[in-house]
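Encoded as structure tokens, the structure appears first; notes follow it.
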Amino acid sequence: MHTPVRPPHDAGATAAGPYVQLVRPDGSRVASSYDHWVDDVDPDQLRSLYEDMVVIRRIDTEATALQRQGQLGLWPPLLGQEAAQIGSARTLRPSDFVFGSYRENGVAWCRGVDPESLMRVWRGNAAAGWDPFTVNMAPTQVIIGAQALHAAGYGMGVVADGTDDAVITYFGDGATSQGDVNEAMVFAASFHTPVIFFCSNNQWAISEPVGLQAQVPIANRAPGFGIPSVRVDGNDVLAVMAVTREALDRARSGGGPSFIEAVTYRMGPHTTADDPTRYRDAAELEEWRAKDPISRVEALLRAEGLFTDEFAEAVTARANAVAAELRASCIGMEPPAALDVFAHVYAEPNSWLENQRDEYSRYLAVYGTEEDEPHPVHVHGTDPVGSEEEGNTP
């Protein structure tokens with residue numbers, strides 16, 4: 001059976017009925033009709049999922065520390081949302097394409113993005129952290145909800161190409177109030193595209209609780225567009241994997257788009273420019289700490305005799321090694337040349353952009369040549385983009 005959820009601020013949770021859950025917060029298993037979707041997850045795979053979550057939490061805490069130390073302009077923490085990202089990302093195959101928001105750093109890790117590339121944008125050294133075609137994941141998207149439209153368009157291309165690849169787009173609960181997400185669902189349903197809309201409902205769109213903008217569960221909206229939906233315990237990595245596999249199966253077999261609402265919780269700030277203590281009750285945070293996705297899998301592994309001291313030490317060592325690589329690559333990152341800001345703006349050069357470049361070059365010449373004194377582009381403290389971004393919803 002499924003266990004119902006009644007998360008804080010979710011006005012429609014009671015009316016929604018149960019959500020999919022395979023592992024309770026205490027690590028015990030729940031019998032479910034979704035069990036067959038994860039029957040092949042053996043002990044080694046379960047331990048691997050645990051390691052993934054520990055590593056990305058360590059990446060997250062190290063990046064947060066780097067921002068506090070002035071090495072990053074901004075960082076969007078994913079603390080508490082590890083299961084939603086790992087459980088879904090580890091179901092994808094390399095040829096599938098991902099369109100994420102700014103918080104899917106765990107998904108990027110699963111797609112093969114290296115630590116330095118994760119840092120590049122947030123240090124202010126590049127407009128995009130990685131080549132999307134080497135990992136089949138689009139760069140970080142800060143414009144709220146825009147990635148859903150990109151996914152819908154890419155999905156139309158997949159249909160035209162006649163392949164069985166799938167597309168997944170991630171966004172937060174706040175983004176579902178944006179027109180882009182709703183328009184994307186119209187296109188996906190109309191053209192029967194193989195797109196999975198993955199909503200990480202972390203209960204807060206910055207300082208606005210989800211109940212203020214969602215009077216019924218967010219998953220209930222998708223059927224109005226003709227898209228089947230499911231609500232899942234977003235802190236249960238096996239349950240997330242199960243519902244994502246179901247959606248991928250539908251996409252690959254010509255069944256069209258799906259919508260997943262992963263009910264989770266943002267345990268940290270919206271970004272490092274935010275102070276959640278100004279709007280969030282400490283008791284609520286403690287309630288969700290008891291549902292922590294990592295400790296849940298650890299409890300399951302211990303119950304099945306799969307969690308040993310040697311395993312724990314190896315995972316910790318791996319996480320610390322990744323964090324050390326991330327820190328070293330971040331601090332050692334060379335700032336780009338000042339005029340690089342004009343590169344890759346358009347596919348072809350044009351006089352309008354060249355005029356701007358020449359004007360800026362003359363300005364820099366007042367202080368020395370670009371080669372002698374490159375204009376600093378990374379910042380210390382809060383990045384101006386962070387202040388602007390804080391006024392949006394994820």
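Here, A, B, ... name the chains of the structure tokens in the order displayed, residue numbers run from 1 inside each chain, and ligands are numbered from 1 in the same displayed order.
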
Legend entry - DSSP-assigned helix (DSSP H, G or I) members of region 278-367 of chain A, reported as number ranges by chain: A: 278, 282-289, 293-303, 309-331, 338-342, 351-365

Inset, instruction - Determine, counting only C-alpha atoms, which protein, DNA and RNA residues have an atom within 7 Å of an atom of Tyr102 (chain A); residues of the same chain fewer than 4 positions away are not included. Present the result as a VMD selection string. - result: chain A and resid 76 140 to 142

Filtering to N, CA and C atoms, could you give me those residues as a PDB file, in the first residue's frame?
```pdb
ATOM      1  N   PRO A  76      23.238  27.780  -5.343  1.00  0.00           N
ATOM      2  CA  PRO A  76      21.883  27.327  -5.036  1.00  0.00           C
ATOM      3  C   PRO A  76      21.917  25.941  -4.377  1.00  0.00           C
ATOM      4  N   THR A 140      23.096  25.376 -17.051  1.00  0.00           N
ATOM      5  CA  THR A 140      22.268  25.924 -15.979  1.00  0.00           C
ATOM      6  C   THR A 140      21.295  26.969 -16.516  1.00  0.00           C
ATOM      7  N   GLN A 141      20.032  26.854 -16.128  1.00  0.00           N
ATOM      8  CA  GLN A 141      19.006  27.804 -16.557  1.00  0.00           C
ATOM      9  C   GLN A 141      18.502  28.579 -15.344  1.00  0.00           C
ATOM     10  N   VAL A 142      18.717  29.887 -15.348  1.00  0.00           N
ATOM     11  CA  VAL A 142      18.288  30.727 -14.233  1.00  0.00           C
ATOM     12  C   VAL A 142      16.926  31.365 -14.504  1.00  0.00           C
TER      13      VAL A 142
END
```

Inset, instruction - Name the residues of region 85-306 of chain A that fall into strand (DSSP E) according to DSSP on the backbone, using the chain letters and numbers of this document, as a ChimeraX atom specification. - result: /A:97-99,167-172,195-201,204-205,208-209,229-233,258-263

Inset, instruction - Can you pull out every residue within 12 Å of Val107 (chain A), counting only C-alpha atoms, but drop anything in the same chain fewer than 6 positions away, and send it as a ChimeraX atom specification? - result: /A:52-53,55-56,78,81-92,97-101,113-114,118,135-140,168-170

Legend entry - Option closest in space to Ile196 (chain A), from A:Ser258, A:Ser48, A:Thr272, A:Gln69 [counting only C-alpha atoms]: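 Smallest distance to Ile196 (chain A) is found for A:Ser258.
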
Legend entry - Residues within 12 Å of region 241-244 of chain A, only C-alpha atoms, excluding chain neighbours under 5 positions, as a ChimeraX atom specification: /A:19-23,32-41,45-46,49,83-92,166-169,195-199,228-236,249-251,257-262

Legend entry - Pick from A:Asn201, A:Val186, A:Glu298, A:Phe342, whichever lies nearest to Ala312 (chain A) using only C-alpha atoms: A:Glu298

If we count only C-alpha atoms and set the cut-off at 7 Å, which residues sit around Arg58 (chain A), ignoring sequence neighbours fewer than 4 positions away in its own chain? Please answer as a PDB file with N, CA, C and O atoms, in the first residue's frame.
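In the end it all went to around.pdb:
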```
ATOM      1  N   VAL A  54      25.568  10.929  -0.944  1.00  0.00           N
ATOM      2  CA  VAL A  54      26.570  11.464  -0.017  1.00  0.00           C
ATOM      3  C   VAL A  54      27.538  12.391  -0.758  1.00  0.00           C
ATOM      4  O   VAL A  54      27.885  13.476  -0.267  1.00  0.00           O
ATOM      5  N   GLU A  62      30.454  21.947   0.314  1.00  0.00           N
ATOM      6  CA  GLU A  62      31.734  22.578  -0.029  1.00  0.00           C
ATOM      7  C   GLU A  62      31.505  23.835  -0.858  1.00  0.00           C
ATOM      8  O   GLU A  62      32.164  24.869  -0.634  1.00  0.00           O
ATOM      9  N   ALA A 319      33.736  11.117  -1.093  1.00  0.00           N
ATOM     10  CA  ALA A 319      33.087  12.428  -1.029  1.00  0.00           C
ATOM     11  C   ALA A 319      34.103  13.527  -0.721  1.00  0.00           C
ATOM     12  O   ALA A 319      34.077  14.607  -1.330  1.00  0.00           O
ATOM     13  N   ALA A 323      35.227  16.769  -3.008  1.00  0.00           N
ATOM     14  CA  ALA A 323      35.169  18.124  -2.454  1.00  0.00           C
ATOM     15  C   ALA A 323      36.524  18.819  -2.567  1.00  0.00           C
ATOM     16  O   ALA A 323      36.599  20.019  -2.876  1.00  0.00           O
TER      17      ALA A 323
END
```

Legend entry - Among listed residues A:Thr61, A:Thr193, A:Thr134, A:Ser177, nearest Leu248 (chain A) (using only C-alpha atoms):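 Among A:Thr61, A:Thr193, A:Thr134, A:Ser177, it is A:Thr193 that comes nearest to Leu248 (chain A).
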
Legend entry - Shortest interatomic distance to Pro94 (chain A) - which of A:Arg111, A:Arg245, A:Arg357, A:Lys291, counting only C-alpha atoms: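 Of A:Arg111, A:Arg245, A:Arg357, A:Lys291, the one nearest Pro94 (chain A) is A:Arg111, counting only C-alpha atoms.
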
Legend entry - Straight-line distance linking CA of Arg68 (chain A) with CA of Ala328 (chain A), stated in Å to one decimal: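 CA of Ala328 (chain A) lies 15.9 Å from CA of Arg68 (chain A).
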
Legend entry - Selected residue of minimal separation from Ala175 (chain A) among A:Asp161, A:Asp275, A:Glu208, A:Glu310, counting only C-alpha atoms: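 Closest to Ala175 (chain A), using only C-alpha atoms: A:Glu208.
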